[in-house]
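Have a look at work-v2.cif; it's mmCIF, C-alpha atoms:
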```
data_final
#
loop_
_atom_site.label_atom_id
_atom_site.label_comp_id
_atom_site.auth_asym_id
_atom_site.auth_seq_id
_atom_site.Cartn_x
_atom_site.Cartn_y
_atom_site.Cartn_z
CA MET A 1 166.32 91.29 95.36
CA SER A 2 163.89 89.36 93.20
CA ARG A 3 160.13 89.77 93.38
CA ARG A 4 159.68 86.10 94.37
CA LYS A 5 161.95 86.42 97.43
CA ILE A 6 159.99 89.35 98.76
CA GLU A 7 156.65 87.66 98.23
CA PHE A 8 157.21 84.67 100.52
CA MET A 9 158.15 86.66 103.61
CA SER A 10 155.79 89.51 102.71
CA LEU A 11 152.85 87.13 102.33
CA LEU A 12 153.80 85.32 105.52
CA GLU A 13 153.88 88.61 107.43
CA ASP A 14 150.49 89.69 106.05
CA TYR A 15 149.09 86.25 106.82
CA PHE A 16 149.96 86.54 110.52
CA GLU A 17 149.38 90.25 111.04
CA THR A 18 146.17 90.73 109.06
CA TYR A 19 144.57 87.64 107.58
CA LEU A 20 144.52 85.23 110.55
CA PRO A 21 143.45 87.68 113.28
CA TYR A 22 141.08 89.89 111.28
CA SER A 23 139.83 88.02 108.23
CA ARG A 24 139.67 84.62 109.88
CA GLY A 25 139.21 85.77 113.48
CA LEU A 26 141.49 83.08 114.89
CA SER A 27 142.46 83.12 118.54
CA PRO A 28 145.89 84.34 119.64
CA ASN A 29 146.72 80.77 120.75
CA THR A 30 145.92 79.34 117.32
CA ILE A 31 147.95 82.04 115.62
CA GLU A 32 150.86 81.34 117.97
CA SER A 33 150.68 77.64 117.12
CA TYR A 34 150.78 78.47 113.42
CA LYS A 35 153.74 80.80 114.03
CA GLN A 36 155.62 77.99 115.77
CA SER A 37 155.12 75.82 112.70
CA PHE A 38 156.73 78.47 110.52
CA MET A 39 159.52 79.16 112.97
CA LEU A 40 160.40 75.48 112.75
CA LEU A 41 160.23 75.57 108.95
CA LEU A 42 162.51 78.63 108.87
CA ARG A 43 164.90 76.93 111.30
CA PHE A 44 164.95 73.78 109.15
CA MET A 45 165.58 75.79 105.99
CA HIS A 46 168.48 77.58 107.68
CA GLU A 47 170.09 74.68 109.56
CA VAL A 48 169.53 71.85 107.10
CA LYS A 49 169.19 73.56 103.72
CA GLY A 50 171.46 76.54 104.35
CA ILE A 51 168.83 79.06 103.21
CA GLU A 52 168.21 82.18 105.27
CA ALA A 53 164.61 83.23 105.92
CA ASP A 54 164.88 86.30 103.68
CA ASP A 55 166.15 84.12 100.83
CA ILE A 56 163.36 81.53 100.90
CA MET A 57 161.29 81.41 97.76
CA PHE A 58 158.16 79.39 97.18
CA SER A 59 160.13 77.30 94.68
CA ASN A 60 162.38 76.16 97.58
CA LEU A 61 159.35 74.58 99.22
CA ASP A 62 158.94 71.64 96.89
CA TYR A 63 157.68 68.17 97.77
CA ASP A 64 161.09 66.66 98.61
CA THR A 65 162.04 69.58 100.85
CA LEU A 66 158.71 69.54 102.67
CA LEU A 67 158.85 65.78 103.15
CA GLU A 68 162.37 66.17 104.53
CA PHE A 69 161.08 68.88 106.87
CA PHE A 70 158.33 66.66 108.27
CA ASN A 71 160.77 63.77 108.69
CA TRP A 72 163.15 66.19 110.45
CA LEU A 73 160.35 67.14 112.86
CA GLU A 74 159.92 63.50 113.81
CA THR A 75 163.55 62.42 113.93
CA GLU A 76 165.44 65.50 115.11
CA ARG A 77 162.72 67.27 117.07
CA HIS A 78 161.07 64.04 118.29
CA CYS A 79 157.59 65.28 117.41
CA LYS A 80 154.72 62.83 117.60
CA SER A 81 152.47 62.33 114.61
CA VAL A 82 149.76 64.56 116.09
CA THR A 83 152.22 67.47 116.33
CA ARG A 84 153.54 66.75 112.85
CA ASN A 85 149.98 66.83 111.54
CA GLN A 86 149.33 70.16 113.27
CA ARG A 87 152.39 71.60 111.54
CA LEU A 88 151.18 70.19 108.23
CA SER A 89 147.78 71.78 108.76
CA ALA A 90 149.35 75.19 109.45
CA LEU A 91 151.52 75.02 106.34
CA SER A 92 148.62 73.78 104.25
CA ALA A 93 146.41 76.68 105.34
CA PHE A 94 149.13 79.17 104.44
CA SER A 95 149.75 77.48 101.09
CA GLU A 96 146.11 77.98 100.17
CA TYR A 97 146.26 81.63 101.23
CA ALA A 98 149.51 82.20 99.31
CA GLN A 99 148.23 80.53 96.16
CA ASN A 100 145.14 82.73 96.21
CA ARG A 101 147.39 85.82 96.43
CA ASP A 102 150.00 84.81 93.84
CA PHE A 103 149.12 81.65 91.98
CA GLY A 104 152.29 81.50 89.90
CA ALA A 105 154.70 81.90 92.79
CA ALA A 106 152.94 79.67 95.30
CA SER A 107 151.73 76.86 93.04
CA VAL A 108 154.79 74.64 93.63
CA PHE A 109 154.41 75.06 97.37
CA ARG A 110 150.66 74.42 97.33
CA SER A 111 150.83 71.40 95.03
CA SER A 112 153.65 69.95 97.14
CA ILE A 113 152.01 70.44 100.52
CA ILE A 114 148.75 68.78 99.48
CA LYS A 115 150.71 65.65 98.52
CA ILE A 116 152.10 65.21 102.05
CA PRO A 117 149.89 62.66 103.80
CA ILE A 118 148.48 63.03 107.27
CA LYS A 119 150.26 60.53 109.46
CA ARG A 120 148.34 58.17 111.66
CA GLY A 121 149.57 57.88 115.20
CA SER A 122 149.46 54.95 117.54
CA LYS A 123 146.30 54.75 119.57
CA LYS A 124 146.41 54.14 123.28
CA ALA A 125 144.20 51.47 124.76
CA ARG A 126 141.42 52.92 126.84
CA ASP A 127 142.05 51.77 130.38
CA PHE A 128 138.50 52.17 131.58
CA PHE A 129 137.37 49.26 129.39
CA PHE A 130 139.81 46.94 131.11
CA LYS A 131 139.45 47.96 134.74
CA GLY A 132 137.26 45.76 136.80
#
```

Is it possible to express this structure as structure tokens?
Amino acid sequence: MSRRKIEFMSLLEDYFETYLPYSRGLSPNTIESYKQSFMLLLRFMHEVKGIEADDIMFSNLDYDTLLEFFNWLETERHCKSVTRNQRLSALSAFSEYAQNRDFGAASVFRSSIIKIPIKRGSKKARDFFFKG
């Protein structure tokens, strides 16, 4: 198995088991939300791209693949823009962590994720302004 294959899953494991709870001190709920983002990414990579979790390399996570993933969240999973943006935030945070650990391996992933725009959602009218 190549060094790059091991690094993605190894870094992801360290990120959730050590970095988020101890270095960052994030709450269990926040960590769980981040985990859900990655579970969806792994599911997408398996179901749509045909790549098993253990075979994912940072080079697989290029701009086109990530854009397809976020479109998949909206079309197939029916996620609203706010949920999509939460998933983007989770992946972006990990991409920064990964690039700081292995710049060469994670640079494609990091440079791709920062190009994905935050999506604006529709705003609801505030009823209390219109009630008489």

Pick out the closest residue to Asn85 (chain A) from this set: A:Pro117, A:Asp64, A:Asp14, A:Ala98. Count all atoms listed in the file.
A:Pro117

Expansion of the PyMOL selection byres ((chain A and resi 118) around 9) into residues, as a ChimeraX atom specification:
/A:81,84-85,88-89,116-117,119-120

Residues in the PyMOL selection byres ((chain A and resi 42-59) around 8), expressed as a VMD selection string
chain A and resid 4 to 9 38 to 41 60 to 62 69 72 105 to 106 108 to 109

Kindly resolve the PyMOL selection byres ((chain A and resi 15-19) around 9) on the present coordinates and return the residues as a list in words.
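Checking the PyMOL selection byres ((chain A and resi 15-19) around 9) against this file, the residues are Ser10, Leu11, Leu12, Glu13, Asp14, Leu20, Pro21, Tyr22, Ser23, Arg24, Gly25, Ile31, Tyr34, Lys35, Phe94, Tyr97 and Ala98 of chain A.
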
Please report the interatomic distance between CA of Tyr63 (chain A) and CA of Ser111 (chain A) in Å with one decimal.
8.1 Å

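Note that CA of Ser27 (chain A) and CA of Leu67 (chain A) are 28.4 Å apart.
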
One decimal, in Å: what's the spacing between CA of Leu91 (chain A) and CA of Thr65 (chain A)?
13.1 Å

Selecting N, CA and C atoms, how would region 32-63 of chain A from this structure be written as a PDB file, in the first residue's frame?
```
ATOM      1  N   GLU A  32     -18.972  15.267  16.355  1.00  0.00           N
ATOM      2  CA  GLU A  32     -19.920  14.364  15.692  1.00  0.00           C
ATOM      3  C   GLU A  32     -20.417  14.971  14.378  1.00  0.00           C
ATOM      4  N   SER A  33     -20.673  16.257  14.380  1.00  0.00           N
ATOM      5  CA  SER A  33     -21.092  16.940  13.156  1.00  0.00           C
ATOM      6  C   SER A  33     -20.005  16.855  12.085  1.00  0.00           C
ATOM      7  N   TYR A  34     -18.768  17.071  12.495  1.00  0.00           N
ATOM      8  CA  TYR A  34     -17.647  16.949  11.559  1.00  0.00           C
ATOM      9  C   TYR A  34     -17.552  15.521  11.026  1.00  0.00           C
ATOM     10  N   LYS A  35     -17.726  14.530  11.926  1.00  0.00           N
ATOM     11  CA  LYS A  35     -17.668  13.130  11.500  1.00  0.00           C
ATOM     12  C   LYS A  35     -18.734  12.828  10.458  1.00  0.00           C
ATOM     13  N   GLN A  36     -19.930  13.370  10.658  1.00  0.00           N
ATOM     14  CA  GLN A  36     -21.006  13.151   9.689  1.00  0.00           C
ATOM     15  C   GLN A  36     -20.623  13.685   8.314  1.00  0.00           C
ATOM     16  N   SER A  37     -19.939  14.806   8.288  1.00  0.00           N
ATOM     17  CA  SER A  37     -19.483  15.375   7.019  1.00  0.00           C
ATOM     18  C   SER A  37     -18.559  14.401   6.298  1.00  0.00           C
ATOM     19  N   PHE A  38     -17.649  13.787   7.048  1.00  0.00           N
ATOM     20  CA  PHE A  38     -16.718  12.856   6.434  1.00  0.00           C
ATOM     21  C   PHE A  38     -17.358  11.521   6.101  1.00  0.00           C
ATOM     22  N   MET A  39     -18.335  11.113   6.884  1.00  0.00           N
ATOM     23  CA  MET A  39     -19.058   9.888   6.534  1.00  0.00           C
ATOM     24  C   MET A  39     -19.769  10.077   5.195  1.00  0.00           C
ATOM     25  N   LEU A  40     -20.334  11.243   4.996  1.00  0.00           N
ATOM     26  CA  LEU A  40     -20.994  11.533   3.718  1.00  0.00           C
ATOM     27  C   LEU A  40     -19.980  11.584   2.576  1.00  0.00           C
ATOM     28  N   LEU A  41     -18.823  12.183   2.824  1.00  0.00           N
ATOM     29  CA  LEU A  41     -17.789  12.222   1.787  1.00  0.00           C
ATOM     30  C   LEU A  41     -17.334  10.807   1.438  1.00  0.00           C
ATOM     31  N   LEU A  42     -17.113   9.977   2.440  1.00  0.00           N
ATOM     32  CA  LEU A  42     -16.695   8.589   2.188  1.00  0.00           C
ATOM     33  C   LEU A  42     -17.784   7.826   1.444  1.00  0.00           C
ATOM     34  N   ARG A  43     -19.027   8.065   1.807  1.00  0.00           N
ATOM     35  CA  ARG A  43     -20.150   7.422   1.107  1.00  0.00           C
ATOM     36  C   ARG A  43     -20.201   7.863  -0.360  1.00  0.00           C
ATOM     37  N   PHE A  44     -20.050   9.151  -0.596  1.00  0.00           N
ATOM     38  CA  PHE A  44     -20.027   9.683  -1.958  1.00  0.00           C
ATOM     39  C   PHE A  44     -18.885   9.056  -2.760  1.00  0.00           C
ATOM     40  N   MET A  45     -17.701   9.017  -2.163  1.00  0.00           N
ATOM     41  CA  MET A  45     -16.546   8.465  -2.878  1.00  0.00           C
ATOM     42  C   MET A  45     -16.779   7.002  -3.231  1.00  0.00           C
ATOM     43  N   HIS A  46     -17.443   6.266  -2.352  1.00  0.00           N
ATOM     44  CA  HIS A  46     -17.724   4.857  -2.620  1.00  0.00           C
ATOM     45  C   HIS A  46     -18.839   4.690  -3.656  1.00  0.00           C
ATOM     46  N   GLU A  47     -19.982   5.330  -3.412  1.00  0.00           N
ATOM     47  CA  GLU A  47     -21.156   5.119  -4.257  1.00  0.00           C
ATOM     48  C   GLU A  47     -21.042   5.772  -5.626  1.00  0.00           C
ATOM     49  N   VAL A  48     -20.488   6.961  -5.686  1.00  0.00           N
ATOM     50  CA  VAL A  48     -20.456   7.710  -6.943  1.00  0.00           C
ATOM     51  C   VAL A  48     -19.134   7.524  -7.688  1.00  0.00           C
ATOM     52  N   LYS A  49     -18.038   7.526  -6.953  1.00  0.00           N
ATOM     53  CA  LYS A  49     -16.714   7.453  -7.580  1.00  0.00           C
ATOM     54  C   LYS A  49     -16.134   6.049  -7.604  1.00  0.00           C
ATOM     55  N   GLY A  50     -16.749   5.135  -6.831  1.00  0.00           N
ATOM     56  CA  GLY A  50     -16.254   3.761  -6.821  1.00  0.00           C
ATOM     57  C   GLY A  50     -14.926   3.589  -6.104  1.00  0.00           C
ATOM     58  N   ILE A  51     -14.634   4.462  -5.145  1.00  0.00           N
ATOM     59  CA  ILE A  51     -13.373   4.397  -4.403  1.00  0.00           C
ATOM     60  C   ILE A  51     -13.685   4.078  -2.942  1.00  0.00           C
ATOM     61  N   GLU A  52     -13.116   3.000  -2.470  1.00  0.00           N
ATOM     62  CA  GLU A  52     -13.301   2.601  -1.070  1.00  0.00           C
ATOM     63  C   GLU A  52     -12.558   3.566  -0.159  1.00  0.00           C
ATOM     64  N   ALA A  53     -13.013   3.668   1.078  1.00  0.00           N
ATOM     65  CA  ALA A  53     -12.413   4.600   2.043  1.00  0.00           C
ATOM     66  C   ALA A  53     -10.909   4.389   2.189  1.00  0.00           C
ATOM     67  N   ASP A  54     -10.484   3.137   2.283  1.00  0.00           N
ATOM     68  CA  ASP A  54      -9.059   2.848   2.469  1.00  0.00           C
ATOM     69  C   ASP A  54      -8.221   3.180   1.240  1.00  0.00           C
ATOM     70  N   ASP A  55      -8.868   3.389   0.109  1.00  0.00           N
ATOM     71  CA  ASP A  55      -8.150   3.693  -1.126  1.00  0.00           C
ATOM     72  C   ASP A  55      -8.154   5.174  -1.480  1.00  0.00           C
ATOM     73  N   ILE A  56      -8.810   5.994  -0.672  1.00  0.00           N
ATOM     74  CA  ILE A  56      -8.861   7.432  -0.963  1.00  0.00           C
ATOM     75  C   ILE A  56      -7.506   8.058  -0.688  1.00  0.00           C
ATOM     76  N   MET A  57      -7.067   8.824  -1.654  1.00  0.00           N
ATOM     77  CA  MET A  57      -5.838   9.600  -1.525  1.00  0.00           C
ATOM     78  C   MET A  57      -6.214  11.071  -1.623  1.00  0.00           C
ATOM     79  N   PHE A  58      -5.370  11.922  -1.091  1.00  0.00           N
ATOM     80  CA  PHE A  58      -5.645  13.352  -1.182  1.00  0.00           C
ATOM     81  C   PHE A  58      -5.803  13.795  -2.635  1.00  0.00           C
ATOM     82  N   SER A  59      -5.074  13.174  -3.528  1.00  0.00           N
ATOM     83  CA  SER A  59      -5.157  13.548  -4.944  1.00  0.00           C
ATOM     84  C   SER A  59      -6.533  13.243  -5.540  1.00  0.00           C
ATOM     85  N   ASN A  60      -7.297  12.330  -4.912  1.00  0.00           N
ATOM     86  CA  ASN A  60      -8.666  12.054  -5.366  1.00  0.00           C
ATOM     87  C   ASN A  60      -9.610  13.203  -5.037  1.00  0.00           C
ATOM     88  N   LEU A  61      -9.217  14.032  -4.085  1.00  0.00           N
ATOM     89  CA  LEU A  61     -10.093  15.098  -3.601  1.00  0.00           C
ATOM     90  C   LEU A  61      -9.754  16.416  -4.276  1.00  0.00           C
ATOM     91  N   ASP A  62      -9.882  16.407  -5.592  1.00  0.00           N
ATOM     92  CA  ASP A  62      -9.603  17.610  -6.368  1.00  0.00           C
ATOM     93  C   ASP A  62     -10.863  18.475  -6.478  1.00  0.00           C
ATOM     94  N   TYR A  63     -10.711  19.622  -7.105  1.00  0.00           N
ATOM     95  CA  TYR A  63     -11.804  20.596  -7.186  1.00  0.00           C
ATOM     96  C   TYR A  63     -13.063  20.006  -7.813  1.00  0.00           C
TER      97      TYR A  63
END
```
